[in-house]
Every structure is written in C-alpha cells, then in structure tokens.
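Enquirer: Structure supplied as model28.tsv; contents: TSV, C-alpha atoms and all ligand atoms.
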```tsv
chain	number	residue	atom	x	y	z
A	288	MET	CA	0.00	0.00	0.00
A	289	LYS	CA	1.16	3.51	-0.81
A	290	LEU	CA	1.06	6.46	1.59
A	291	SER	CA	1.57	9.82	-0.12
A	292	HIS	CA	0.57	12.29	2.60
A	293	VAL	CA	-0.70	12.04	6.18
A	294	ILE	CA	-3.47	14.63	6.51
A	295	GLU	CA	-6.34	13.23	8.58
A	296	SER	CA	-7.33	10.08	10.47
A	297	GLN	CA	-10.18	9.19	8.10
A	298	GLN	CA	-7.67	8.31	5.34
A	299	PHE	CA	-6.43	5.25	7.29
A	300	THR	CA	-8.29	2.02	6.47
A	301	LEU	CA	-8.11	-1.04	8.72
A	302	PRO	CA	-5.53	-2.77	6.43
A	303	MET	CA	-3.44	0.41	6.55
A	304	LEU	CA	-3.58	0.44	10.36
A	305	THR	CA	-2.46	-3.19	10.38
A	306	GLU	CA	0.48	-2.31	8.11
A	307	LEU	CA	1.36	0.70	10.29
A	308	PHE	CA	1.43	-1.37	13.47
A	309	GLN	CA	3.57	-4.05	11.79
A	310	ARG	CA	5.99	-1.35	10.70
A	311	ALA	CA	6.00	0.14	14.22
A	312	GLU	CA	6.84	-3.25	15.74
A	313	GLN	CA	9.70	-3.57	13.26
A	314	MET	CA	10.85	-0.06	14.29
A	315	GLU	CA	10.84	-1.14	17.95
A	316	ARG	CA	13.33	-3.88	17.01
A	317	ILE	CA	15.45	-1.37	15.03
A	318	VAL	CA	15.51	1.08	17.96
A	319	ARG	CA	16.50	-1.74	20.36
A	320	ARG	CA	19.54	-2.54	18.21
A	321	GLY	CA	20.60	1.12	18.04
A	322	GLY	CA	18.87	2.42	14.88
A	323	THR	CA	19.71	2.10	11.19
A	324	GLN	CA	21.51	4.06	8.49
A	325	ASP	CA	19.05	2.94	5.77
A	326	TYR	CA	17.68	6.47	5.20
A	327	ASN	CA	20.95	8.41	5.38
A	328	HIS	CA	20.30	9.91	1.93
A	329	LYS	CA	16.92	11.38	3.03
A	330	ILE	CA	16.12	14.76	4.58
A	331	MET	CA	13.10	15.64	6.70
A	332	ALA	CA	12.00	19.28	7.07
A	333	SER	CA	10.12	20.02	10.28
A	334	LEU	CA	8.14	23.23	9.88
A	335	PHE	CA	6.30	24.16	13.08
A	336	TYR	CA	4.12	27.29	13.23
A	337	GLU	CA	3.03	26.45	16.80
A	338	PRO	CA	4.93	25.27	19.89
A	339	SER	CA	5.61	21.57	20.33
A	340	THR	CA	7.79	19.34	22.46
A	341	ARG	CA	6.66	15.76	21.84
A	342	THR	CA	5.64	15.88	18.19
A	343	ARG	CA	8.64	17.81	16.89
A	344	PHE	CA	11.26	16.00	18.97
A	345	SER	CA	9.80	12.56	18.33
A	346	PHE	CA	9.65	13.18	14.57
A	347	GLU	CA	13.23	14.47	14.62
A	348	SER	CA	14.36	11.58	16.81
A	349	ALA	CA	12.55	9.15	14.47
A	350	MET	CA	14.33	10.54	11.40
A	351	LEU	CA	17.72	10.48	13.13
A	352	ARG	CA	17.19	6.87	14.30
A	353	LEU	CA	16.50	5.99	10.66
A	354	GLY	CA	19.85	7.51	9.71
A	355	GLY	CA	18.20	10.47	7.97
A	356	LYS	CA	18.89	14.18	8.33
A	357	VAL	CA	16.70	16.95	9.71
A	358	ILE	CA	16.26	20.62	8.82
A	359	SER	CA	14.00	22.47	11.16
A	360	THR	CA	12.34	25.69	12.27
A	361	GLU	CA	10.58	25.57	15.59
A	362	SER	CA	8.67	28.83	15.38
A	363	ALA	CA	7.99	29.28	11.69
A	364	SER	CA	5.73	32.31	12.19
A	365	THR	CA	8.70	34.23	13.63
A	366	PHE	CA	11.80	32.60	12.20
A	367	SER	CA	10.79	31.91	8.62
A	368	SER	CA	9.79	34.19	5.75
A	369	VAL	CA	6.17	33.93	6.94
A	370	SER	CA	7.10	36.85	9.21
A	371	LEU	CA	7.64	38.84	5.96
A	372	GLY	CA	4.23	37.84	4.61
A	373	GLU	CA	5.13	34.71	2.65
A	374	THR	CA	2.18	32.36	2.12
A	375	LEU	CA	2.20	28.78	3.31
A	376	GLU	CA	1.97	27.64	-0.31
A	377	ASP	CA	5.09	29.60	-1.35
A	378	THR	CA	7.01	28.30	1.68
A	379	ILE	CA	6.11	24.69	0.82
A	380	ARG	CA	7.01	25.15	-2.88
A	381	VAL	CA	10.50	26.17	-1.75
A	382	VAL	CA	11.02	23.71	1.11
A	383	ASP	CA	9.95	20.72	-0.99
A	384	ASP	CA	13.15	21.18	-3.02
A	385	TYR	CA	15.24	21.02	0.17
A	386	ALA	CA	13.69	17.92	1.74
A	387	ASP	CA	12.18	14.50	0.95
A	388	VAL	CA	9.34	14.84	3.47
A	389	ILE	CA	7.80	17.85	5.24
A	390	VAL	CA	6.38	17.56	8.76
A	391	LEU	CA	4.06	20.52	9.29
A	392	ARG	CA	2.32	21.90	12.38
A	393	HIS	CA	0.10	24.74	11.20
A	394	ASN	CA	-2.12	27.12	13.11
A	395	GLU	CA	-5.06	26.88	10.68
A	396	VAL	CA	-7.49	24.03	10.02
A	397	GLY	CA	-6.78	22.83	6.48
A	398	GLY	CA	-3.12	23.93	6.52
A	399	ALA	CA	-1.77	20.43	5.89
A	400	GLN	CA	-4.17	19.87	2.99
A	401	ARG	CA	-3.16	23.20	1.44
A	402	ALA	CA	0.50	22.26	1.81
A	403	ALA	CA	-0.02	18.80	0.30
A	404	ALA	CA	-1.83	20.34	-2.68
A	405	VAL	CA	1.32	22.20	-3.78
A	406	SER	CA	4.08	19.92	-2.45
A	407	SER	CA	6.14	17.60	-4.63
A	408	VAL	CA	7.13	15.58	-1.53
A	409	SER	CA	5.03	13.98	1.22
A	410	VAL	CA	3.46	16.26	3.81
A	411	ILE	CA	2.69	14.94	7.30
A	412	ASN	CA	0.19	16.84	9.45
A	413	ALA	CA	1.80	17.27	12.87
A	414	GLY	CA	-1.31	18.94	14.35
A	415	GLU	CA	-3.27	21.84	12.96
A	416	GLY	CA	-5.75	24.47	14.10
A	417	LYS	CA	-8.16	24.17	16.98
A	418	GLY	CA	-11.87	23.39	17.11
A	419	GLY	CA	-12.12	21.34	13.94
A	420	GLY	CA	-8.46	20.59	13.35
A	421	GLN	CA	-6.75	17.23	13.53
A	422	HIS	CA	-3.58	15.64	14.88
A	423	PRO	CA	-3.55	12.29	13.05
A	424	THR	CA	-0.06	11.09	14.04
A	425	GLN	CA	-0.97	11.61	17.72
A	426	ALA	CA	-4.13	9.55	17.22
A	427	LEU	CA	-2.13	6.80	15.49
A	428	LEU	CA	0.29	6.58	18.42
A	429	ASP	CA	-2.68	6.68	20.81
A	430	LEU	CA	-4.30	3.76	19.03
A	431	TYR	CA	-0.99	1.84	19.00
A	432	THR	CA	-0.67	2.47	22.75
A	433	ILE	CA	-4.16	1.07	23.41
A	434	TYR	CA	-3.37	-1.95	21.22
A	435	LYS	CA	-0.09	-2.60	23.07
A	436	GLU	CA	-1.51	-2.09	26.54
A	437	LEU	CA	-4.91	-3.79	26.23
A	438	HIS	CA	-4.33	-6.16	23.25
A	439	LYS	CA	-7.67	-5.27	21.66
A	440	LEU	CA	-9.35	-2.56	19.60
A	441	ASP	CA	-12.76	-4.09	18.80
A	442	GLY	CA	-15.28	-3.73	21.62
A	443	LEU	CA	-13.38	-0.93	23.38
A	444	LYS	CA	-15.10	1.50	25.72
A	445	VAL	CA	-13.27	4.84	25.75
A	446	ALA	CA	-14.03	7.95	27.81
A	447	MET	CA	-12.71	11.23	26.42
A	448	VAL	CA	-12.55	13.93	29.07
A	449	GLY	CA	-11.87	17.69	29.08
A	450	ASN	CA	-12.09	20.37	26.44
A	451	LEU	CA	-13.46	18.26	23.61
A	452	ALA	CA	-14.74	21.22	21.57
A	453	ASP	CA	-11.22	22.50	20.87
A	454	GLY	CA	-9.23	19.27	21.10
A	455	ARG	CA	-7.69	18.06	17.87
A	456	THR	CA	-6.32	14.86	19.43
A	457	VAL	CA	-9.76	13.66	20.57
A	458	ARG	CA	-11.22	14.37	17.13
A	459	SER	CA	-8.52	12.40	15.33
A	460	LEU	CA	-8.73	9.51	17.80
A	461	SER	CA	-12.55	9.38	17.53
A	462	TYR	CA	-12.33	9.00	13.75
A	463	LEU	CA	-9.91	6.08	14.19
A	464	LEU	CA	-11.86	4.34	16.98
A	465	GLY	CA	-15.01	4.55	14.84
A	466	LYS	CA	-13.42	2.14	12.36
A	467	PHE	CA	-13.51	-0.75	14.85
A	468	GLU	CA	-16.38	-3.06	15.82
A	469	ARG	CA	-18.65	-2.43	18.83
A	470	VAL	CA	-16.64	0.58	20.07
A	471	LYS	CA	-18.36	2.83	22.62
A	472	ILE	CA	-17.20	6.43	23.09
A	473	TYR	CA	-18.17	8.44	26.18
A	474	PHE	CA	-17.61	12.19	25.65
A	475	VAL	CA	-17.33	13.68	29.15
A	476	ALA	CA	-17.29	17.48	29.32
A	477	PRO	CA	-19.36	20.45	30.48
A	478	PRO	CA	-21.89	21.40	27.76
A	479	SER	CA	-19.89	24.45	26.59
A	480	LEU	CA	-16.79	22.28	25.92
A	481	GLN	CA	-18.57	19.21	24.50
A	482	MET	CA	-17.57	17.49	21.24
A	483	LYS	CA	-18.69	19.33	18.11
A	484	SER	CA	-21.67	18.22	16.07
A	485	ASP	CA	-19.76	17.53	12.82
A	486	LEU	CA	-17.75	14.77	14.54
A	487	LEU	CA	-20.87	13.41	16.29
A	488	ASN	CA	-22.70	13.36	12.95
A	489	HIS	CA	-19.82	11.42	11.41
A	490	LEU	CA	-20.04	8.81	14.20
A	491	SER	CA	-23.83	8.54	13.79
A	492	GLU	CA	-23.48	8.09	10.02
A	493	HIS	CA	-21.03	5.23	10.66
A	494	ASN	CA	-23.22	3.63	13.36
A	495	VAL	CA	-20.67	4.27	16.12
A	496	TRP	CA	-22.15	4.25	19.62
A	497	TYR	CA	-21.47	7.39	21.67
A	498	THR	CA	-22.93	9.27	24.60
A	499	LEU	CA	-22.49	12.83	25.90
A	500	GLU	CA	-21.89	12.94	29.66
A	501	THR	CA	-21.02	15.53	32.30
A	502	ASP	CA	-20.44	13.23	35.31
A	503	LEU	CA	-16.96	11.69	35.12
A	504	LYS	CA	-17.36	9.53	38.23
A	505	GLN	CA	-20.40	7.75	36.79
A	506	VAL	CA	-18.53	6.86	33.59
A	507	LEU	CA	-15.23	5.66	35.10
A	508	PRO	CA	-16.36	2.18	36.24
A	509	GLU	CA	-17.69	1.42	32.73
A	510	VAL	CA	-14.68	2.03	30.47
A	511	ASP	CA	-11.38	0.43	29.35
A	512	VAL	CA	-9.58	3.68	28.52
A	513	VAL	CA	-9.82	7.18	29.97
A	514	TYR	CA	-8.35	9.78	27.61
A	515	VAL	CA	-7.85	13.02	29.57
A	516	THR	CA	-7.21	16.39	27.89
A	517	ARG	CA	-6.53	19.89	29.14
A	518	ILE	CA	-9.26	22.36	30.06
A	519	GLU	CA	-7.68	25.76	29.44
A	520	ARG	CA	-9.00	28.64	31.58
A	521	GLU	CA	-9.16	30.97	28.57
A	522	ARG	CA	-11.48	28.61	26.71
A	523	PHE	CA	-14.00	28.39	29.55
A	524	THR	CA	-16.50	31.26	29.51
A	525	GLY	CA	-17.72	30.97	33.16
A	526	THR	CA	-16.40	32.73	36.28
A	527	ASP	CA	-13.18	31.77	38.09
A	528	ALA	CA	-15.28	30.05	40.76
A	529	ASP	CA	-17.14	28.04	38.09
A	530	PHE	CA	-13.80	27.08	36.54
A	531	LEU	CA	-12.39	25.87	39.86
A	532	SER	CA	-15.51	23.82	40.47
A	533	LEU	CA	-15.18	22.36	36.97
A	534	MET	CA	-11.51	21.44	37.51
A	535	ARG	CA	-12.45	19.71	40.77
A	536	ARG	CA	-15.11	17.65	38.97
A	537	TYR	CA	-12.69	16.47	36.27
A	538	PHE	CA	-9.52	16.29	38.37
A	539	PHE	CA	-7.60	13.00	38.42
A	540	ASP	CA	-6.00	12.19	41.75
A	541	GLN	CA	-5.51	8.99	43.72
A	542	ALA	CA	-9.14	9.12	44.92
A	543	THR	CA	-10.33	9.24	41.29
A	544	MET	CA	-8.03	6.33	40.41
A	545	GLN	CA	-9.71	4.24	43.10
A	546	LEU	CA	-12.93	4.41	41.07
A	547	LEU	CA	-11.18	2.76	38.10
A	548	PRO	CA	-11.00	-1.01	37.61
A	549	GLN	CA	-7.46	-2.47	37.58
A	550	ARG	CA	-7.43	-3.22	33.82
A	551	VAL	CA	-8.15	0.40	32.78
A	552	ILE	CA	-5.49	2.75	31.37
A	553	VAL	CA	-5.39	6.53	31.73
A	554	MET	CA	-4.02	8.36	28.70
A	555	HIS	CA	-3.23	12.03	27.99
A	556	PRO	CA	-1.65	13.49	24.83
A	557	LEU	CA	0.39	15.87	27.06
A	558	PRO	CA	1.33	18.54	27.93
A	559	ARG	CA	-0.85	18.42	31.02
A	560	SER	CA	-1.60	21.45	33.14
A	561	SER	CA	-3.42	20.66	36.38
A	562	GLU	CA	-5.94	18.00	35.37
A	563	ILE	CA	-3.85	15.03	36.61
A	564	ASP	CA	-2.13	15.03	39.99
A	565	PRO	CA	1.57	14.01	39.53
A	566	ASP	CA	0.96	11.49	42.36
A	567	VAL	CA	-1.05	9.45	39.83
A	568	ASP	CA	2.09	8.94	37.70
A	569	LYS	CA	3.36	6.06	39.84
A	570	ASP	CA	0.12	4.09	39.30
A	571	ASN	CA	0.83	1.57	36.53
A	572	ARG	CA	-2.54	2.40	34.95
A	573	ALA	CA	-1.19	5.88	34.14
A	574	ALA	CA	-0.06	5.20	30.56
A	575	TYR	CA	0.66	8.75	29.35
A	576	PHE	CA	4.46	8.63	29.45
A	577	ARG	CA	4.51	5.21	27.77
A	578	GLN	CA	2.09	6.73	25.23
A	579	ALA	CA	4.52	9.61	24.49
A	580	GLN	CA	7.38	7.08	24.04
A	581	ASN	CA	5.38	5.28	21.35
A	582	GLY	CA	5.51	8.48	19.29
A	583	VAL	CA	9.01	7.67	18.05
A	584	VAL	CA	8.28	4.23	16.58
A	585	ILE	CA	4.94	5.26	15.07
A	586	ARG	CA	6.60	8.27	13.45
A	587	MET	CA	9.52	6.12	12.23
A	588	ALA	CA	6.92	3.81	10.68
A	589	LEU	CA	5.13	6.71	8.98
A	590	LEU	CA	8.38	8.23	7.71
A	591	THR	CA	9.61	4.95	6.18
A	592	TRP	CA	6.20	4.40	4.61
A	593	VAL	CA	5.94	7.82	2.90
A	594	LEU	CA	9.61	7.77	1.88
A	595	GLU	CA	9.12	4.38	0.17
A	596	SER	CA	5.81	5.33	-1.53
A	601	LIG	N1	0.82	15.77	22.17
A	601	LIG	C1	1.40	16.80	21.51
A	601	LIG	O1	1.04	17.14	20.37
A	601	LIG	O2	2.38	17.43	22.21
A	601	LIG	P1	3.28	18.62	21.67
A	601	LIG	O3	2.37	19.83	21.51
A	601	LIG	O4	4.33	18.83	22.71
A	601	LIG	O5	3.83	18.23	20.34
```
Would you encode the structure as structure tokens?
Ligand code: CP

Expert:
Amino acid sequence: MKLSHVIESQQFTLPMLTELFQRAEQMERIVRRGGTQDYNHKIMASLFYEPSTRTRFSFESAMLRLGGKVISTESASTFSSVSLGETLEDTIRVVDDYADVIVLRHNEVGGAQRAAAVSSVSVINAGEGKGGGQHPTQALLDLYTIYKELHKLDGLKVAMVGNLADGRTVRSLSYLLGKFERVKIYFVAPPSLQMKSDLLNHLSEHNVWYTLETDLKQVLPEVDVVYVTRIERERFTGTDADFLSLMRRYFFDQATMQLLPQRVIVMHPLPRSSEIDPDVDKDNRAAYFRQAQNGVVIRMALLTWVLES
C-alpha cells in the first residue's frame, strides 16, 4: 500500500492500520539494536508554526534513528519568511526542493491539505488548528498504545474527558476508533466544551455508539480507557469560581483512580496542566508517558512508509 501524505485520520483504512502497526513493531526492534543508516540519503524538514515538544522532537528523533537528516524551524511564524508575509503555499514550494518529506504543524485548520496540494514531496500533518483541526499522528500513536496495553481494539469503551470542543487529538482519535467493531465512546465534558456536532454526525453516520456525559465519576467504572485532555482557563467562559468547580469535577488524583477497575489505562496526549495530579504517575494504569514514548516508533513507521511510496 502507498502512503503519499498524512493529513487526517479518516484516510487510514483497517488494512493500513495493520500495516502501520507491523511497521511500528519492526521499528521497535530497530531502535533496540541502536537504529539504522538505511535512510541516510533522506532529509526531513520540520516546519512548526506552533509550539511543540513531543511531536517535533519525536519526529526528529525518528528521522535520526532511521539515519536520515533533519532541517527544522521551531517557530515558523517568527523565524521563517512567513514573518515577511510569505504564504504557506510559497514556503512549501520552496522547502519541498530542500527535503524529501515535510512535517508541518500549522495554526489553521486545512493547513496540511493546502501544503499537500502544492508539495512535490510527502506532507505529514503534525497537528493543525483548533476546534475542527486534527492531529492524526498523535491519534495513530494513541491507538498503538491502546493496542499494546490492552491487546484489543474491537469492543473498546473509551471515555474522552476535558475540552473536547477544541481538542484536535480527541477528534482524530474518535475518527480512528469509529473504524472498529462495537466501540463505545463516552464524551465527558461540560456542555460548553462538549464534542462538536460535525464529529458526532460522522459517528452517527457510521453507526458508532457514543454518549455525551457531564459526570466523570459515573462513567469511570464502565470504560477500558480514559483519555484526559486539558481544560484551558481561557477557553471556559464561566467565572473563576465556576472554573475551579469544573476542575475539581474532572480532576484525576488517587481518589479518582480508586474508582477505576485495575485493567483500565489513563491516557493524555500531554502537555498536562493541572488535570492530573503528579501522584497518579506512579500508578501503573497511568499510561501517558509510555504513550509519548510510542511516538518515536509510530513516526519512524510513517516516515519509512511515505519515503518508500
Ligand atoms: N501531544 C502533543 O502534540 O504534544 P506537543 O504539543 O508537545 O507536540
């Protein structure tokens, strides 16, 4: 199977996900033996218009572990010709001559698609926009993490918690989960931060079971995975007191963990702010740092795939 660009989760079919996971397992073996030089003639450009720690470093680490080379700008809005008014399209038309693959984090929904439309090399969406945007490579590593930790994807029950209206990771992961049999998705958020209707309509059209909930504690005993995301103060329209009350309702501490069955995993795309108490980290069900580690092998798998296609 060929993979030209990575733009959105919907483009991945079940056979493609199987191939990706096989490639990721192969990459785990390559990393264990110290990497490879197989791609030492290839260059990856990482073009980030928004801040990133995990996505940028794990893509760069992935390319270096494959023996490839990296050219990079970490704040493209300031340190590239965009600051002089250059369009994304013009930037891509230039950078595609300097690199064999472009990893792009853009501030606008649709940025990766616009870049792919003019690029002569593969474009990988490393997260774009808010409230309608996607972060497909995060969702792919999230799915791989669930597969590795729980050894199943059909029949999963997943709670997504936090600011779902603006979260690109929860959107991308929902699209992927909806491809599997008998999946149940519990969207847990206050009404003003609930998942948007376009994504819910997509799930309905594909006969994916979901429910909208506000009470986290009622949902916890039912699920296999809890996927926690940040609730940013600036995105909540209520008073400070309302916000504090909200944070208390969705806060994960050791008392919350006691409501979870032993087999459940807690995930978070990171960075976290104050929604998970660091005390929870030592609980083996807290999978978020293992999840972040999986970013390297999934991104190695994606890079090899697009570079071979
Ligand atoms: N999960 C994630 O996208 O993290 P970064 O913003 O640090 O890349």

Enquirer: Counting all atoms listed in the file, figure out which residue out of A:Met303, A:Ile472, A:Met447, A:Met350 gets nearest to Val515 in chain A.

Expert: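 Closest residue, counting all atoms listed in the file: A:Met447.
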
Enquirer: Residues within 9 Å of ligand LIG 601 (chain A), counting only C-alpha atoms and all ligand atoms: report them as a ChimeraX atom specification.

Expert: /A:337-345,392,413-414,422,424-425,456,555-558,579

Enquirer: Those residues with C-alpha atoms, as an mmCIF file, in the coordinates of the input please?

Expert:
```cif
data_model
loop_
_atom_site.group_PDB
_atom_site.id
_atom_site.type_symbol
_atom_site.label_atom_id
_atom_site.label_comp_id
_atom_site.auth_asym_id
_atom_site.auth_seq_id
_atom_site.Cartn_x
_atom_site.Cartn_y
_atom_site.Cartn_z
ATOM 1 C CA GLU A 337 3.030 26.450 16.800
ATOM 2 C CA PRO A 338 4.930 25.270 19.890
ATOM 3 C CA SER A 339 5.610 21.570 20.330
ATOM 4 C CA THR A 340 7.790 19.340 22.460
ATOM 5 C CA ARG A 341 6.660 15.760 21.840
ATOM 6 C CA THR A 342 5.640 15.880 18.190
ATOM 7 C CA ARG A 343 8.640 17.810 16.890
ATOM 8 C CA PHE A 344 11.260 16.000 18.970
ATOM 9 C CA SER A 345 9.800 12.560 18.330
ATOM 10 C CA ARG A 392 2.320 21.900 12.380
ATOM 11 C CA ALA A 413 1.800 17.270 12.870
ATOM 12 C CA GLY A 414 -1.310 18.940 14.350
ATOM 13 C CA HIS A 422 -3.580 15.640 14.880
ATOM 14 C CA THR A 424 -0.060 11.090 14.040
ATOM 15 C CA GLN A 425 -0.970 11.610 17.720
ATOM 16 C CA THR A 456 -6.320 14.860 19.430
ATOM 17 C CA HIS A 555 -3.230 12.030 27.990
ATOM 18 C CA PRO A 556 -1.650 13.490 24.830
ATOM 19 C CA LEU A 557 0.390 15.870 27.060
ATOM 20 C CA PRO A 558 1.330 18.540 27.930
ATOM 21 C CA ALA A 579 4.520 9.610 24.490
#
```

Enquirer: Using all atoms listed in the file, which protein or nucleic acid residues come within 10 Å of Gly442 in chain A? Drop anything in the same chain fewer than 6 positions from it, and give the result as a list in words.

Expert: Leu464, Phe467, Glu468, Arg469, Val470, Lys471 and Asp511 of chain A

Enquirer: Which residue gives the smallest distance to Lys356 in chain A among A:Thr374, A:Ser596, A:Ser491, A:Ser333, with only C-alpha atoms counted?

Expert: A:Ser333

Enquirer: Taking into account only C-alpha atoms, which residue in the set A:Glu500, A:Glu509, A:Asp441, A:Glu312 is nearest to Tyr537 in chain A?

Expert: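 Between A:Glu500, A:Glu509, A:Asp441, A:Glu312, the residue approaching Tyr537 in chain A most closely is A:Glu500.
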
Enquirer: Taking (7.6, 7.4, 12.8) as a centre in this file's frame and 9 Å as the limit, can you find every polymer residue with an atom that close, using all atoms listed in the file, and give them as a list in words?

Expert: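 Residues lying no farther than 9 Å from the given point: Ala311, Met314, Ser345, Phe346, Ser348, Ala349, Met350, Thr424, Gly582, Val583, Val584, Ile585, Arg586, Met587, Ala588, Leu589, Leu590, Thr591 and Trp592 of chain A.
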
Enquirer: Work out how far apart CA of Asn581 in chain A and CA of Leu351 in chain A are and give it in Å to one decimal.

Expert: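 According to the coordinates, CA of Asn581 in chain A and CA of Leu351 in chain A are separated by 15.7 Å.
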
Enquirer: Excluding Met544 in chain A and any residue of its chain fewer than 5 positions from it, enumerate the residues within 9 Å of it, using all atoms listed in the file, and give them as a ChimeraX atom specification.

Expert: /A:507,539,567,570,572

Enquirer: List the spatial neighbours of Asp568 in chain A as a list of chain:residue names - criterion: any atom at most 12 Å away, all atoms listed in the file, same-chain residues fewer than 5 positions off excluded.

Expert: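 Result of the neighbour search: A:Phe539, A:Asp540, A:Gln541, A:Met544, A:Ile552, A:Val553, A:Met554, A:His555, A:Arg559, A:Ile563, A:Ala573, A:Ala574, A:Tyr575, A:Phe576, A:Arg577.
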
Enquirer: Neighbours of Gly355 in chain A within 7 Å (only C-alpha atoms; same-chain residues fewer than 4 positions away dropped), as a PyMOL selection string?

Expert: chain A and resi 326-330+350-351

Enquirer: Just the number, please: distance in Å from CA of Lys504 in chain A to CA of Lys417 in chain A, one decimal.

Expert: 27.4 Å

Enquirer: Might you pull out every residue within 8 Å of Asp453 in chain A, with all atoms listed in the file counted and same-chain residues fewer than 6 positions away left off, and present them as a ChimeraX atom specification?

Expert: /A:417-419,480

Enquirer: When distances are computed from all atoms listed in the file, which of A:Arg401, A:Arg455, A:Arg550, A:Lys466 shows the smallest separation from Thr516 in chain A?

Expert: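 That would be A:Arg455, the residue with the smallest distance to Thr516 in chain A.
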
Enquirer: What separation in Å, quoted to one decimal, exists between CA of Met331 in chain A and CA of Val357 in chain A?

Expert: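 Between these atoms lies a distance of 4.9 Å.
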
Enquirer: Pick out the closest residue to Met534 in chain A from this set: A:Glu521, A:Ser368, A:Leu463, A:Gly449. Count all atoms listed in the file.

Expert: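 Among the listed residues, the smallest separation from Met534 in chain A belongs to A:Gly449.
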
Enquirer: Once N, CA, C and O atoms are restored for range 543-559 of chain A, what would the output be as a compact mmCIF listing (two decimals), keeping the file's coordinate frame?

Expert:
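Final file, result29.txt:
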```txt
# COMPACT_ATOMS: atom_id res chain seq x y z
N THR A 543 -9.66 9.54 42.57
CA THR A 543 -10.33 9.24 41.29
C THR A 543 -9.87 7.87 40.78
O THR A 543 -10.67 7.08 40.27
N MET A 544 -8.58 7.60 40.92
CA MET A 544 -8.03 6.33 40.41
C MET A 544 -8.67 5.13 41.12
O MET A 544 -8.80 4.06 40.53
N GLN A 545 -9.09 5.35 42.37
CA GLN A 545 -9.71 4.24 43.10
C GLN A 545 -11.06 3.84 42.50
O GLN A 545 -11.55 2.74 42.74
N LEU A 546 -11.65 4.74 41.71
CA LEU A 546 -12.93 4.41 41.07
C LEU A 546 -12.74 3.59 39.79
O LEU A 546 -13.70 3.12 39.19
N LEU A 547 -11.47 3.45 39.36
CA LEU A 547 -11.18 2.76 38.10
C LEU A 547 -10.85 1.29 38.33
O LEU A 547 -10.06 0.97 39.22
N PRO A 548 -11.42 0.40 37.52
CA PRO A 548 -11.00 -1.01 37.61
C PRO A 548 -9.50 -1.16 37.31
O PRO A 548 -8.91 -0.29 36.67
N GLN A 549 -8.91 -2.25 37.72
CA GLN A 549 -7.46 -2.47 37.58
C GLN A 549 -7.00 -2.52 36.12
O GLN A 549 -5.91 -2.12 35.79
N ARG A 550 -7.86 -3.01 35.21
CA ARG A 550 -7.43 -3.22 33.82
C ARG A 550 -7.47 -1.93 32.98
O ARG A 550 -7.07 -1.93 31.83
N VAL A 551 -7.95 -0.84 33.56
CA VAL A 551 -8.15 0.40 32.78
C VAL A 551 -6.84 1.17 32.64
O VAL A 551 -5.99 1.14 33.54
N ILE A 552 -6.65 1.85 31.48
CA ILE A 552 -5.49 2.75 31.37
C ILE A 552 -5.96 4.20 31.25
O ILE A 552 -7.01 4.48 30.69
N VAL A 553 -5.14 5.09 31.81
CA VAL A 553 -5.39 6.53 31.73
C VAL A 553 -4.37 7.11 30.75
O VAL A 553 -3.16 6.92 30.92
N MET A 554 -4.89 7.78 29.73
CA MET A 554 -4.02 8.36 28.70
C MET A 554 -4.18 9.88 28.70
O MET A 554 -5.16 10.43 29.20
N HIS A 555 -3.20 10.56 28.13
CA HIS A 555 -3.23 12.03 27.99
C HIS A 555 -2.23 12.35 26.87
O HIS A 555 -1.12 11.83 26.89
N PRO A 556 -2.61 13.19 25.90
CA PRO A 556 -1.65 13.49 24.83
C PRO A 556 -0.47 14.32 25.33
O PRO A 556 0.56 14.38 24.65
N LEU A 557 -0.62 14.97 26.49
CA LEU A 557 0.39 15.87 27.06
C LEU A 557 0.62 17.07 26.11
O LEU A 557 0.43 16.91 24.91
N PRO A 558 0.99 18.25 26.54
CA PRO A 558 1.33 18.54 27.93
C PRO A 558 0.07 18.62 28.80
O PRO A 558 -0.98 18.99 28.33
N ARG A 559 0.26 18.25 30.09
CA ARG A 559 -0.85 18.42 31.02
C ARG A 559 -0.67 19.76 31.72
O ARG A 559 0.45 20.27 31.80
```
